[in-house]
Structure formats: C-alpha cells, structure tokens
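Trainee: File name upload_25.csv; file contents CSV, C-alpha atoms and all ligand atoms; full text below.
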chain,number,residue,atom,x,y,z
A,836,MET,CA,-13.4,-16.8,-4.0
A,837,ALA,CA,-9.8,-15.6,-4.7
A,838,ARG,CA,-7.7,-14.8,-1.7
A,839,VAL,CA,-6.2,-11.3,-2.1
A,840,LEU,CA,-3.5,-9.8,0.2
A,841,SER,CA,-1.7,-6.5,0.2
A,842,GLY,CA,0.1,-4.7,3.0
A,843,ILE,CA,1.0,-1.1,3.8
A,844,GLN,CA,3.6,0.4,6.0
A,845,PRO,CA,2.5,2.6,8.9
A,846,SER,CA,4.5,5.6,7.7
A,847,GLY,CA,2.9,9.0,7.3
A,848,ASP,CA,-0.6,9.7,6.2
A,849,LEU,CA,-2.2,8.4,3.0
A,850,HIS,CA,-2.3,10.9,0.1
A,851,LEU,CA,-4.5,11.2,-2.9
A,852,GLY,CA,-2.0,9.1,-5.0
A,853,ASN,CA,-2.3,6.2,-2.5
A,854,TYR,CA,-6.0,6.5,-2.4
A,855,LEU,CA,-6.7,6.7,-6.2
A,856,GLY,CA,-3.9,4.4,-7.1
A,857,ALA,CA,-4.4,1.6,-4.6
A,858,ILE,CA,-6.7,1.9,-1.6
A,859,ARG,CA,-9.8,2.7,-3.5
A,860,ASN,CA,-9.1,-0.4,-5.6
A,861,TRP,CA,-8.7,-2.5,-2.4
A,862,ALA,CA,-12.0,-1.2,-1.2
A,863,ARG,CA,-13.7,-2.4,-4.4
A,864,ILE,CA,-11.9,-5.8,-4.4
A,865,GLN,CA,-13.1,-6.6,-0.9
A,866,HIS,CA,-16.6,-7.3,-2.2
A,867,THR,CA,-15.6,-10.0,-4.7
A,868,ALA,CA,-12.5,-11.5,-3.0
A,869,ASP,CA,-11.4,-12.7,0.4
A,870,ALA,CA,-9.2,-9.8,1.2
A,871,PHE,CA,-6.4,-9.4,3.8
A,872,HIS,CA,-4.7,-6.1,4.6
A,873,PRO,CA,-2.0,-6.1,7.2
A,874,VAL,CA,-0.5,-2.8,8.4
A,875,VAL,CA,3.1,-4.0,8.2
A,876,ASP,CA,4.7,-2.5,11.3
A,877,LEU,CA,7.5,-5.1,11.3
A,878,HIS,CA,8.6,-3.9,7.9
A,879,ALA,CA,8.7,-0.3,9.3
A,880,VAL,CA,11.3,-1.3,12.0
A,881,THR,CA,13.8,-2.2,9.3
A,882,VAL,CA,14.7,1.5,9.6
A,883,PRO,CA,15.0,3.3,13.0
A,884,GLN,CA,11.6,4.3,14.4
A,885,GLU,CA,10.6,6.6,17.3
A,886,PRO,CA,9.2,4.1,19.8
A,887,GLY,CA,6.3,6.4,20.9
A,888,GLU,CA,5.4,7.1,17.4
A,889,LEU,CA,5.3,3.7,15.8
A,890,GLY,CA,2.2,2.4,17.6
A,891,ARG,CA,0.4,5.7,17.1
A,892,ALA,CA,1.2,5.6,13.4
A,893,THR,CA,0.0,1.9,13.2
A,894,LEU,CA,-3.3,2.7,14.8
A,895,ARG,CA,-3.7,5.8,12.6
A,896,MET,CA,-2.9,3.9,9.4
A,897,SER,CA,-5.5,1.3,10.4
A,898,GLN,CA,-8.1,4.0,10.9
A,899,MET,CA,-7.2,5.6,7.5
A,900,LEU,CA,-7.7,2.3,5.7
A,901,MET,CA,-11.1,1.9,7.4
A,902,ALA,CA,-12.0,5.5,6.7
A,903,ALA,CA,-11.0,5.0,3.0
A,904,GLY,CA,-13.5,2.2,2.7
A,905,LEU,CA,-11.9,-1.0,3.9
A,906,ASP,CA,-14.7,-2.5,6.0
A,907,PRO,CA,-13.5,-4.7,8.8
A,908,ASP,CA,-16.8,-6.7,8.5
A,909,VAL,CA,-16.0,-7.4,4.9
A,910,CYS,CA,-12.3,-7.9,4.7
A,911,THR,CA,-9.6,-8.6,7.3
A,912,ILE,CA,-7.6,-5.7,8.5
A,913,PHE,CA,-4.9,-6.4,11.1
A,914,VAL,CA,-1.5,-5.4,12.4
A,915,GLN,CA,1.3,-7.6,11.2
A,916,SER,CA,3.1,-7.9,14.5
A,917,HIS,CA,-0.1,-9.1,16.2
A,918,VAL,CA,0.2,-12.3,14.2
A,919,ARG,CA,3.5,-13.7,15.4
A,920,GLU,CA,3.5,-16.4,12.8
A,921,HIS,CA,4.8,-13.8,10.3
A,922,THR,CA,8.2,-13.6,12.0
A,923,GLU,CA,8.6,-17.4,12.4
A,924,CYS,CA,7.6,-18.0,8.8
A,925,ALA,CA,10.0,-15.3,7.7
A,926,TRP,CA,12.9,-17.2,9.2
A,927,LEU,CA,12.1,-20.3,7.3
A,928,LEU,CA,11.9,-18.3,4.1
A,929,GLU,CA,15.1,-16.4,4.8
A,930,CYS,CA,16.7,-19.9,4.8
A,931,THR,CA,15.1,-20.6,1.5
A,932,VAL,CA,16.2,-17.4,-0.3
A,933,SER,CA,19.8,-16.7,-1.3
A,934,PHE,CA,22.0,-13.8,-0.5
A,935,GLY,CA,22.4,-13.2,-4.2
A,936,GLU,CA,18.6,-13.0,-4.8
A,937,LEU,CA,18.2,-10.5,-1.9
A,938,SER,CA,21.1,-8.5,-3.2
A,939,ARG,CA,19.3,-8.0,-6.5
A,940,MET,CA,16.3,-6.3,-5.0
A,941,THR,CA,16.1,-2.8,-6.3
A,942,GLN,CA,14.1,-1.5,-3.3
A,943,PHE,CA,16.9,-2.6,-1.1
A,944,LYS,CA,19.5,-0.9,-3.2
A,945,ASP,CA,17.4,2.3,-3.2
A,946,LYS,CA,16.6,2.3,0.5
A,947,SER,CA,20.1,1.2,1.7
A,948,GLY,CA,21.6,4.0,-0.3
A,949,ARG,CA,19.6,6.4,1.9
A,950,GLN,CA,20.5,4.8,5.3
A,951,GLN,CA,23.5,5.4,7.4
A,952,PHE,CA,22.8,2.2,9.3
A,953,ILE,CA,21.7,-0.6,7.0
A,954,SER,CA,20.0,-3.2,9.2
A,955,ALA,CA,20.1,-6.9,8.4
A,956,GLY,CA,16.3,-6.7,8.5
A,957,LEU,CA,16.3,-4.2,5.6
A,958,PHE,CA,18.2,-6.7,3.6
A,959,THR,CA,15.9,-9.7,4.5
A,960,TYR,CA,12.7,-7.5,4.2
A,961,PRO,CA,11.5,-9.4,1.1
A,962,ALA,CA,11.5,-12.7,3.1
A,963,LEU,CA,9.1,-11.1,5.6
A,964,GLN,CA,7.0,-9.8,2.8
A,965,ALA,CA,7.0,-13.3,1.3
A,966,ALA,CA,5.8,-14.7,4.7
A,967,ASP,CA,3.0,-12.1,4.7
A,968,ILE,CA,1.7,-13.4,1.4
A,969,LEU,CA,2.4,-17.1,1.6
A,970,LEU,CA,1.0,-17.6,5.1
A,971,TYR,CA,-2.5,-16.7,3.7
A,972,ASP,CA,-2.3,-18.8,0.5
A,973,ALA,CA,-2.9,-15.6,-1.4
A,974,ASP,CA,-3.8,-15.9,-5.0
A,975,GLU,CA,-3.3,-12.3,-5.9
A,976,VAL,CA,-1.3,-9.4,-4.5
A,977,PRO,CA,-2.5,-6.0,-5.8
A,978,VAL,CA,0.6,-3.8,-5.7
A,979,GLY,CA,2.3,-0.9,-7.5
A,980,ALA,CA,4.8,-1.7,-10.2
A,981,ASP,CA,7.6,-1.1,-7.7
A,982,GLN,CA,6.6,-4.2,-5.8
A,983,ARG,CA,6.5,-6.6,-8.8
A,984,GLN,CA,10.1,-7.8,-8.1
A,985,HIS,CA,9.2,-8.7,-4.5
A,986,ILE,CA,6.2,-10.7,-5.6
A,987,GLU,CA,8.3,-12.5,-8.3
A,988,LEU,CA,10.8,-13.4,-5.5
A,989,THR,CA,8.0,-14.6,-3.3
A,990,ARG,CA,6.9,-17.0,-6.1
A,991,ASP,CA,10.5,-18.2,-6.5
A,992,ILE,CA,10.8,-18.8,-2.7
A,993,ALA,CA,7.5,-20.7,-2.6
A,994,GLU,CA,8.5,-22.8,-5.5
A,995,ARG,CA,11.9,-23.7,-4.0
A,996,PHE,CA,10.3,-24.5,-0.6
A,997,ASN,CA,7.7,-26.7,-2.3
A,998,SER,CA,10.3,-28.5,-4.4
A,999,ARG,CA,12.6,-29.1,-1.4
A,1000,TYR,CA,10.1,-30.0,1.2
A,1001,GLY,CA,6.9,-30.9,-0.6
A,1002,GLU,CA,3.8,-28.9,-1.5
A,1003,THR,CA,3.4,-26.3,1.2
A,1004,PHE,CA,2.7,-22.8,-0.3
A,1005,ARG,CA,0.4,-21.5,-3.0
A,1006,LEU,CA,2.1,-19.4,-5.7
A,1007,PRO,CA,0.8,-15.9,-5.7
A,1008,ALA,CA,0.5,-13.5,-8.7
A,1009,ALA,CA,1.2,-9.8,-8.6
A,1010,VAL,CA,-1.7,-7.8,-9.9
A,1011,VAL,CA,-0.5,-4.4,-11.0
A,1012,PRO,CA,-3.6,-2.3,-11.9
A,1013,ALA,CA,-3.6,-1.2,-15.5
A,1014,ALA,CA,-2.5,2.4,-16.0
A,1015,GLY,CA,-5.1,4.9,-14.9
A,1016,ALA,CA,-4.9,6.9,-11.8
A,1017,ARG,CA,-1.2,7.7,-11.8
A,1018,VAL,CA,-1.3,10.7,-9.6
A,1019,MET,CA,1.7,13.0,-9.8
A,1020,ASP,CA,3.0,15.7,-7.5
A,1021,LEU,CA,1.1,19.0,-8.0
A,1022,GLN,CA,4.2,21.1,-7.9
A,1023,THR,CA,6.5,18.7,-9.7
A,1024,PRO,CA,4.2,16.8,-12.1
A,1025,THR,CA,6.9,14.7,-13.5
A,1026,ASP,CA,7.3,12.9,-10.1
A,1027,LYS,CA,4.8,10.6,-8.5
A,1028,MET,CA,2.8,12.1,-5.7
A,1029,SER,CA,4.7,10.9,-2.6
A,1030,LYS,CA,5.1,11.5,1.0
A,1031,SER,CA,8.8,11.3,0.8
A,1032,LEU,CA,9.1,14.0,-1.9
A,1033,ASP,CA,9.0,16.5,0.9
A,1034,SER,CA,6.6,18.7,-1.0
A,1035,PRO,CA,3.6,19.4,1.2
A,1036,ARG,CA,2.1,21.8,-1.4
A,1037,GLY,CA,2.3,19.2,-4.1
A,1038,THR,CA,0.7,16.4,-2.0
A,1039,VAL,CA,-3.0,16.2,-1.2
A,1040,ASP,CA,-3.4,14.3,2.0
A,1041,ILE,CA,-6.6,12.3,2.3
A,1042,LEU,CA,-7.3,14.1,5.6
A,1043,ASP,CA,-6.7,17.6,4.3
A,1044,ASP,CA,-9.6,20.0,4.9
A,1045,PRO,CA,-11.5,21.3,1.9
A,1046,SER,CA,-9.8,24.7,1.9
A,1047,ALA,CA,-6.3,23.1,1.9
A,1048,ILE,CA,-7.3,20.8,-0.9
A,1049,ALA,CA,-8.7,23.7,-3.0
A,1050,ARG,CA,-5.6,25.8,-2.3
A,1051,LYS,CA,-3.2,23.1,-3.4
A,1052,ILE,CA,-5.1,22.3,-6.5
A,1053,ARG,CA,-5.5,25.9,-7.5
A,1054,SER,CA,-1.8,26.5,-7.1
A,1055,ALA,CA,-0.9,23.3,-9.1
A,1056,VAL,CA,1.8,23.9,-11.7
A,1057,THR,CA,0.5,23.9,-15.3
A,1058,ASP,CA,2.3,25.5,-18.3
A,1059,SER,CA,2.4,28.7,-20.3
A,1060,GLU,CA,0.2,27.4,-23.1
A,1061,ALA,CA,-3.6,27.9,-22.7
A,1062,ASP,CA,-5.2,24.8,-24.1
A,1063,VAL,CA,-6.5,21.8,-22.2
A,1064,ARG,CA,-5.5,18.5,-23.5
A,1065,TYR,CA,-4.3,15.2,-22.1
A,1066,ASP,CA,-0.6,15.0,-23.1
A,1067,VAL,CA,1.6,13.6,-20.4
A,1068,GLU,CA,4.9,14.5,-22.2
A,1069,ALA,CA,4.1,18.0,-23.3
A,1070,LYS,CA,1.7,19.0,-20.6
A,1071,PRO,CA,2.4,17.0,-17.4
A,1072,GLY,CA,0.7,19.4,-15.0
A,1073,VAL,CA,-2.5,19.8,-16.9
A,1074,SER,CA,-2.6,16.0,-17.6
A,1075,ASN,CA,-2.2,15.3,-13.9
A,1076,LEU,CA,-5.2,17.5,-13.1
A,1077,LEU,CA,-7.2,15.6,-15.8
A,1078,SER,CA,-6.1,12.2,-14.4
A,1079,ILE,CA,-7.2,13.3,-11.0
A,1080,LEU,CA,-10.5,14.8,-12.2
A,1081,GLY,CA,-11.2,11.7,-14.3
A,1082,ALA,CA,-10.4,9.3,-11.5
A,1083,ALA,CA,-12.6,11.3,-9.1
A,1084,THR,CA,-15.5,11.4,-11.5
A,1085,GLY,CA,-15.3,8.0,-13.1
A,1086,ARG,CA,-14.0,9.1,-16.5
A,1087,THR,CA,-10.8,8.8,-18.5
A,1088,PRO,CA,-8.6,11.9,-18.5
A,1089,GLU,CA,-9.3,12.3,-22.2
A,1090,GLU,CA,-13.0,12.4,-21.5
A,1091,ALA,CA,-12.5,14.9,-18.8
A,1092,ALA,CA,-10.4,17.1,-21.1
A,1093,GLY,CA,-13.4,17.5,-23.5
A,1094,ASP,CA,-15.2,19.7,-21.0
A,1095,TYR,CA,-12.5,22.4,-20.8
A,1096,THR,CA,-10.8,25.1,-22.8
A,1097,MET,CA,-9.2,27.0,-19.9
A,1098,TYR,CA,-7.1,26.1,-16.8
A,1099,GLY,CA,-9.2,28.1,-14.3
A,1100,PRO,CA,-12.4,26.1,-14.6
A,1101,LEU,CA,-10.4,22.8,-14.8
A,1102,LYS,CA,-8.7,23.6,-11.5
A,1103,ALA,CA,-12.0,24.7,-9.9
A,1104,ASP,CA,-13.8,21.5,-10.9
A,1105,THR,CA,-10.9,19.3,-10.0
A,1106,ALA,CA,-10.7,20.9,-6.6
A,1107,GLU,CA,-14.4,20.4,-6.0
A,1108,ALA,CA,-14.3,16.8,-7.2
A,1109,VAL,CA,-11.5,15.9,-4.8
A,1110,VAL,CA,-13.1,17.7,-1.9
A,1111,GLU,CA,-16.3,15.7,-2.5
A,1112,LEU,CA,-14.4,12.5,-3.0
A,1113,LEU,CA,-12.5,12.9,0.3
A,1114,ARG,CA,-15.3,14.4,2.4
A,1115,PRO,CA,-16.8,11.1,3.6
A,1116,VAL,CA,-13.2,9.7,4.2
A,1117,ARG,CA,-12.4,12.6,6.4
A,1118,ALA,CA,-15.7,12.4,8.3
A,1119,ARG,CA,-15.3,8.6,8.9
A,1120,PHE,CA,-11.8,9.1,10.1
A,1121,ALA,CA,-12.9,11.7,12.6
A,1122,GLU,CA,-15.3,9.1,14.1
A,1123,LEU,CA,-12.7,6.4,14.3
A,1124,GLU,CA,-10.1,8.8,15.7
A,1125,ALA,CA,-12.5,9.7,18.5
A,1126,ASP,CA,-12.8,6.1,19.6
A,1127,PRO,CA,-9.4,4.4,19.5
A,1128,ALA,CA,-10.6,1.6,21.8
A,1129,GLU,CA,-13.1,0.6,19.1
A,1130,THR,CA,-10.4,0.5,16.4
A,1131,SER,CA,-8.2,-1.6,18.7
A,1132,ARG,CA,-11.2,-4.0,19.2
A,1133,LEU,CA,-11.6,-4.3,15.4
A,1134,LEU,CA,-7.9,-4.9,14.9
A,1135,ARG,CA,-8.0,-7.7,17.6
A,1136,ILE,CA,-10.8,-9.4,15.7
A,1137,GLY,CA,-8.8,-9.0,12.4
A,1138,ALA,CA,-5.7,-10.5,14.0
A,1139,GLY,CA,-7.8,-13.4,15.3
A,1140,LYS,CA,-9.1,-14.2,11.8
A,1141,ALA,CA,-5.6,-13.8,10.3
A,1142,ARG,CA,-4.0,-16.0,12.9
A,1143,ALA,CA,-6.3,-18.9,12.3
A,1144,ILE,CA,-5.2,-19.1,8.7
A,1145,ALA,CA,-1.5,-18.2,9.3
A,1146,ALA,CA,-1.1,-20.8,12.1
A,1147,ALA,CA,-2.4,-23.6,9.9
A,1148,THR,CA,0.0,-22.7,7.0
A,1149,LEU,CA,3.0,-22.3,9.4
A,1150,GLU,CA,2.2,-25.7,10.9
A,1151,ARG,CA,2.3,-27.2,7.4
A,1152,ALA,CA,5.7,-25.5,6.7
A,1153,ARG,CA,7.2,-26.6,10.1
A,1154,SER,CA,6.1,-30.1,9.6
A,1155,ASN,CA,7.2,-30.3,5.9
A,1156,ILE,CA,10.7,-28.9,6.7
A,1157,GLY,CA,11.0,-31.5,9.4
A,1158,LEU,CA,11.0,-29.5,12.6
A,1159,LEU,CA,10.3,-31.8,15.6
A,1160,ALA,CA,6.7,-31.3,16.8
A,1161,PRO,CA,6.7,-30.0,20.4
A,1201,LIG,N1,6.8,-3.9,0.6
A,1201,LIG,C1,5.5,-3.3,0.4
A,1201,LIG,C2,5.7,-1.8,0.1
A,1201,LIG,O1,6.8,-1.3,0.3
A,1201,LIG,C3,4.7,-3.4,1.7
A,1201,LIG,C4,4.3,-4.8,1.9
A,1201,LIG,C5,4.7,-5.6,3.0
A,1201,LIG,C6,3.4,-5.7,1.2
A,1201,LIG,N2,4.2,-6.8,3.0
A,1201,LIG,C7,3.4,-6.9,1.9
A,1201,LIG,C8,2.7,-5.5,0.0
A,1201,LIG,C9,2.6,-8.0,1.3
A,1201,LIG,C10,2.0,-6.6,-0.5
A,1201,LIG,C11,2.0,-7.8,0.2
A,1201,LIG,O2,4.8,-1.2,-0.3
Would you encode the structure as structure tokens?

Mentor:
Amino acid sequence: MARVLSGIQPSGDLHLGNYLGAIRNWARIQHTADAFHPVVDLHAVTVPQEPGELGRATLRMSQMLMAAGLDPDVCTIFVQSHVREHTECAWLLECTVSFGELSRMTQFKDKSGRQQFISAGLFTYPALQAADILLYDADEVPVGADQRQHIELTRDIAERFNSRYGETFRLPAAVVPAAGARVMDLQTPTDKMSKSLDSPRGTVDILDDPSAIARKIRSAVTDSEADVRYDVEAKPGVSNLLSILGAATGRTPEEAAGDYTMYGPLKADTAEAVVELLRPVRARFAELEADPAETSRLLRIGAGKARAIAAATLERARSNIGLLAP
C-alpha cells in the first residue's frame, strides 16, 4: 500500500474550494492508501499567532477534517507539534538545504512580502515541511500546484542527505490532482476561492448553514449574457457555478451545462447540491464540537501511530549522519 501524506495549517475554516479541491480527495484516498494527515501547527507559528487562538484553531481544524470524511480509524490524523521528531528532523534537513535553495521558494517570497517581521522560521519552513514528509517514508504527497516546488525541494534534500550519509529517506512524489474542481470566488470568479481574499460573500464555508449557502450562491456574479455554457475565459462566473455543480453531483462542468438554459435554475440547483453535499459535514462537525475531549483522545491515538514511524526514521537519520548514540 502506498504511503500518502499531506498536511494542512490550522488557519481559518475550510471552505468549499478546500473541500472539493483537496479534502474530499483525501477522504477517498484513505481507503486505498496508508494516509497521514498532520495539522501543521508548527508551520502556523512562522507568522505571529494569538496564543489563545492557536490551540483552539488546531482542535477545530482536526474536527473539520474528521467531519469532512477523514476517518481516524482508517487514516492517521494528528497534530504536528505532538510528534516532536518533526522539529528535530527539520534541523538535520535545514543543514542539508542551502540558503540559495530556500531563497528561491516562491511561497516564501509571497509570504515574506506580506510580513513586517520575517521570522527565520518562515524562511526555513520548507525544511520543516520536508521533515513532515520524509519522516513517514511517504510515496505520494497530494497537494495543490502551489506546493509542487516544496515537494521538489523535499526530493532534492532527501537525495542529498542519502548521497552524503547513506540511504536514509524515501523520495516522495507530488501528486497534483488533474484539473477538475477548481473552485473560484463567487464574487470575483477570476480568483481562486480563498480565505485570505477577505470576501466572505464570495466564499462558502463548509460549516455555513443552508440559508447562507443559498444566499451566497444566488448572489454569485455571472455576466450580462443569458446562455449557460462552460467557458472559463468568456464566462468565469457561470463556469464556476458549473464546476461546483458538476463536482457536487459527480459530473463534468460541460455535462452539467447541458441541463440549463437560464441562470436562475442553474443557481438554484447549484445551491441545493452544495447544501446537500455539506449537510452531513456540518452535522458531523456539530457532534465533534460538542465533545472536544473525544477529539483530543483521537488525536492522541493519531500522534502515537505517527510517532512510532517518525521515531524509527529519525533514529536512522541520526545514526547515518553520525550523531553519538546517547
Ligand atoms: N506548506 C503546505 C501548505 O501551505 C502545508 C504543509 C505542511 C504540507 N507540511 C506539509 C503539505 C506536508 C503537504 C505535506 O499548504
């Protein structure tokens, strides 16, 4: 069975774009692969966090993942900082990656441009991400296209470590899902749906109630033509609705387009499909939210499973690099 790993930061709530673009795919993969999903709280502290907020957001993200279909009995969900091997391994990898390589990371250039205080951790972030992946001998890393560069770097780091110190890490491959559910902002359909876009009306949260979902989809930006067809360039708003409707009902956007000639019914059906898609997610989340001790228990079990694997890999790395055994 292939080992699959992908992490997510505990920042904000999951939205429909995260769900249709990534998390739903993770929920499918767990049945055919040995899947690991850390909530990467140590990556979150590369930028300043409210201390009271971080733990709460970490628990909430874990609950959202479980609500969205990641089953802690089937895959391994855990909190990154609960497995201390990540930080120790990250140090060894920071010493295996060059300043020049880290300087070329586009996510660093983007993020550092938006920070007043650029922490050293923000710069070395990709080495921690490499540790997340390499500690588990992951074969595949399902990520968005924006993470491809980090996974390539992870491979380079692993190869360099192996060639300097002997076979230690397995080389992972990025798996970027083929185009499909690219969910755009409902108000600005040329931008990806995103929590950072600061467009609450354009973003459907996976925990939105049915009336909020319907309202946002009904007021989605379309265009002044009247025909329904899938044409991302000429009709970004309508095409986005078709993508969402298609993804929610297991069809391509072109197939979905065949059923409509007017915007009103398209919006009504898209709203209904999304409401039904998210209804069980919202219900399951409410159960988990009502019992935080149970989520914590599940996360402790996840961390235990993760640690067993991470500790063995770290031991191999420590020994191969030549650190004196205690
Ligand atoms: N850097 C990733 C992001 O911004 C999150 C992440 C951290 C991750 N560790 C990972 C993704 C390991 C995949 C594998 O989305």

Trainee: One decimal, Å: what's the distance from atom CA of A:Leu963 over to atom CA of A:Arg863, could you say?

Mentor: 26.4 Å

Trainee: Need to verify the contact set: stretch 920-931 of chain A, 7 Å, only C-alpha atoms, exclusion of same-chain residues closer than 6 positions in sequence. Can you return it as a PyMOL selection string?

Mentor: chain A and resi 959+962-963+966-967+992+996+1145-1146+1149

Trainee: Could you list, as a list of chain:residue names, all the residues within 6 Å of ligand LIG 1201 (chain A), counting only C-alpha atoms and all ligand atoms?

Mentor: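 So the residues close to ligand LIG 1201 (chain A) are A:Leu840, A:Ser841, A:Gly842, A:Ile843, A:Gln844, A:Val875, A:Gln964, A:Asp967, A:Ile968, A:Val976.
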
Trainee: When you draw a straight line from atom CA of A:Asp1020 to atom CA of A:Gly1037, how long is it in Å?

Mentor: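 Between atom CA of A:Asp1020 and atom CA of A:Gly1037 the gap is 4.9 Å.
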
Trainee: Could you jot down the atom CA of A:Lys1030 to atom CA of A:Arg1132 separation for me, Å, one decimal place?

Mentor: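 Between atom CA of A:Lys1030 and atom CA of A:Arg1132 the gap works out to 28.9 Å.
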
Trainee: Please identify all polymer residues within 8 Å of A:Ala1008, counting all atoms listed in the file, omitting same-chain residues fewer than 2 positions from it, and present them as JSON, numbers by chain.

Mentor: {"A": [974, 975, 976, 986, 987, 990, 1006, 1010]}

Trainee: For stretch 1086-1089 of chain A, list every protein, DNA or RNA residue within 7 Å, evaluated using all atoms listed in the file, and leave out those in the same chain fewer than 4 positions away; present the list as a list in words.

Mentor: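 Counting all atoms listed in the file, the residues come to Tyr1065, Leu1077, Ser1078, Gly1081, Ala1082 and Gly1093 of chain A.
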
Trainee: With all atoms listed in the file as the counted atoms, please give the residues lying no more than 10 Å from A:His872, apart from itself and same-chain residues fewer than 3 positions off, as JSON, numbers by chain.

Mentor: {"A": [839, 840, 841, 842, 843, 861, 875, 897, 900, 905, 907, 910, 911, 912, 913, 914, 915, 967, 1137, 1141]}

Trainee: Find the spatial neighbours of A:Phe952, counting all atoms listed in the file, within a cut-off of 9 Å - ignore same-chain residues fewer than 4 positions away - and output them as a PDB file with C-alpha atoms, in the frame of the given file.

Mentor:
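The resulting around.pdb:
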ATOM      1  CA  VAL A 882      14.700   1.500   9.600  1.00  0.00           C
ATOM      2  CA  PRO A 883      15.000   3.300  13.000  1.00  0.00           C
ATOM      3  CA  SER A 947      20.100   1.200   1.700  1.00  0.00           C
TER       4      SER A 947
END

Trainee: Would you please work out which residue, of A:Ala955, A:Val1018, A:Met940, A:Val1109, is nearest to A:Thr989 when using only C-alpha atoms?

Mentor: A:Met940

Trainee: Which residue, A:Glu888, A:Met1019, A:Val1011, A:Asp991, has the smallest gap to A:Val1056 when you use all atoms listed in the file?

Mentor: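 The shortest atom-to-atom distance to A:Val1056 comes from A:Met1019.
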
Trainee: For N, CA, C and O atoms, please extract stretch 863-877 of chain A from the block and return it as a compact mmCIF listing (two decimals), in the first residue's frame.

Mentor:
# COMPACT_ATOMS: atom_id res chain seq x y z
N ARG A 863 -11.17 10.09 -0.04
CA ARG A 863 -11.24 8.92 -0.93
C ARG A 863 -9.96 8.09 -0.83
O ARG A 863 -10.00 6.87 -0.72
N ILE A 864 -8.83 8.79 -0.87
CA ILE A 864 -7.53 8.11 -0.88
C ILE A 864 -7.33 7.22 0.35
O ILE A 864 -6.68 6.18 0.28
N GLN A 865 -7.89 7.63 1.49
CA GLN A 865 -7.62 6.89 2.74
C GLN A 865 -7.99 5.41 2.64
O GLN A 865 -7.47 4.58 3.37
N HIS A 866 -8.90 5.08 1.70
CA HIS A 866 -9.35 3.69 1.61
C HIS A 866 -8.43 2.81 0.77
O HIS A 866 -8.52 1.59 0.81
N THR A 867 -7.54 3.45 0.00
CA THR A 867 -6.65 2.65 -0.85
C THR A 867 -5.18 2.89 -0.52
O THR A 867 -4.31 2.29 -1.13
N ALA A 868 -4.91 3.79 0.41
CA ALA A 868 -3.52 4.10 0.75
C ALA A 868 -3.39 4.18 2.26
O ALA A 868 -4.38 4.26 2.98
N ASP A 869 -2.14 4.17 2.73
CA ASP A 869 -1.87 4.36 4.15
C ASP A 869 -1.65 5.86 4.33
O ASP A 869 -0.57 6.38 4.04
N ALA A 870 -2.69 6.56 4.77
CA ALA A 870 -2.69 8.03 4.69
C ALA A 870 -2.42 8.69 6.04
O ALA A 870 -2.97 8.29 7.07
N PHE A 871 -1.58 9.73 6.01
CA PHE A 871 -1.22 10.52 7.19
C PHE A 871 -1.56 11.98 6.94
O PHE A 871 -1.19 12.52 5.90
N HIS A 872 -2.25 12.59 7.90
CA HIS A 872 -2.63 14.00 7.74
C HIS A 872 -2.36 14.80 9.00
O HIS A 872 -3.19 14.84 9.91
N PRO A 873 -1.18 15.42 9.06
CA PRO A 873 -0.91 16.29 10.20
C PRO A 873 -1.59 17.65 10.05
O PRO A 873 -1.65 18.21 8.95
N VAL A 874 -2.08 18.18 11.17
CA VAL A 874 -2.47 19.58 11.23
C VAL A 874 -1.20 20.32 11.65
O VAL A 874 -0.69 20.11 12.76
N VAL A 875 -0.66 21.13 10.74
CA VAL A 875 0.71 21.61 10.91
C VAL A 875 0.76 22.93 11.69
O VAL A 875 0.97 24.01 11.15
N ASP A 876 0.61 22.80 13.00
CA ASP A 876 0.60 23.98 13.87
C ASP A 876 1.98 24.64 13.96
O ASP A 876 2.07 25.86 14.16
N LEU A 877 3.05 23.86 13.78
CA LEU A 877 4.38 24.48 13.84
C LEU A 877 4.64 25.33 12.60
O LEU A 877 5.42 26.29 12.65
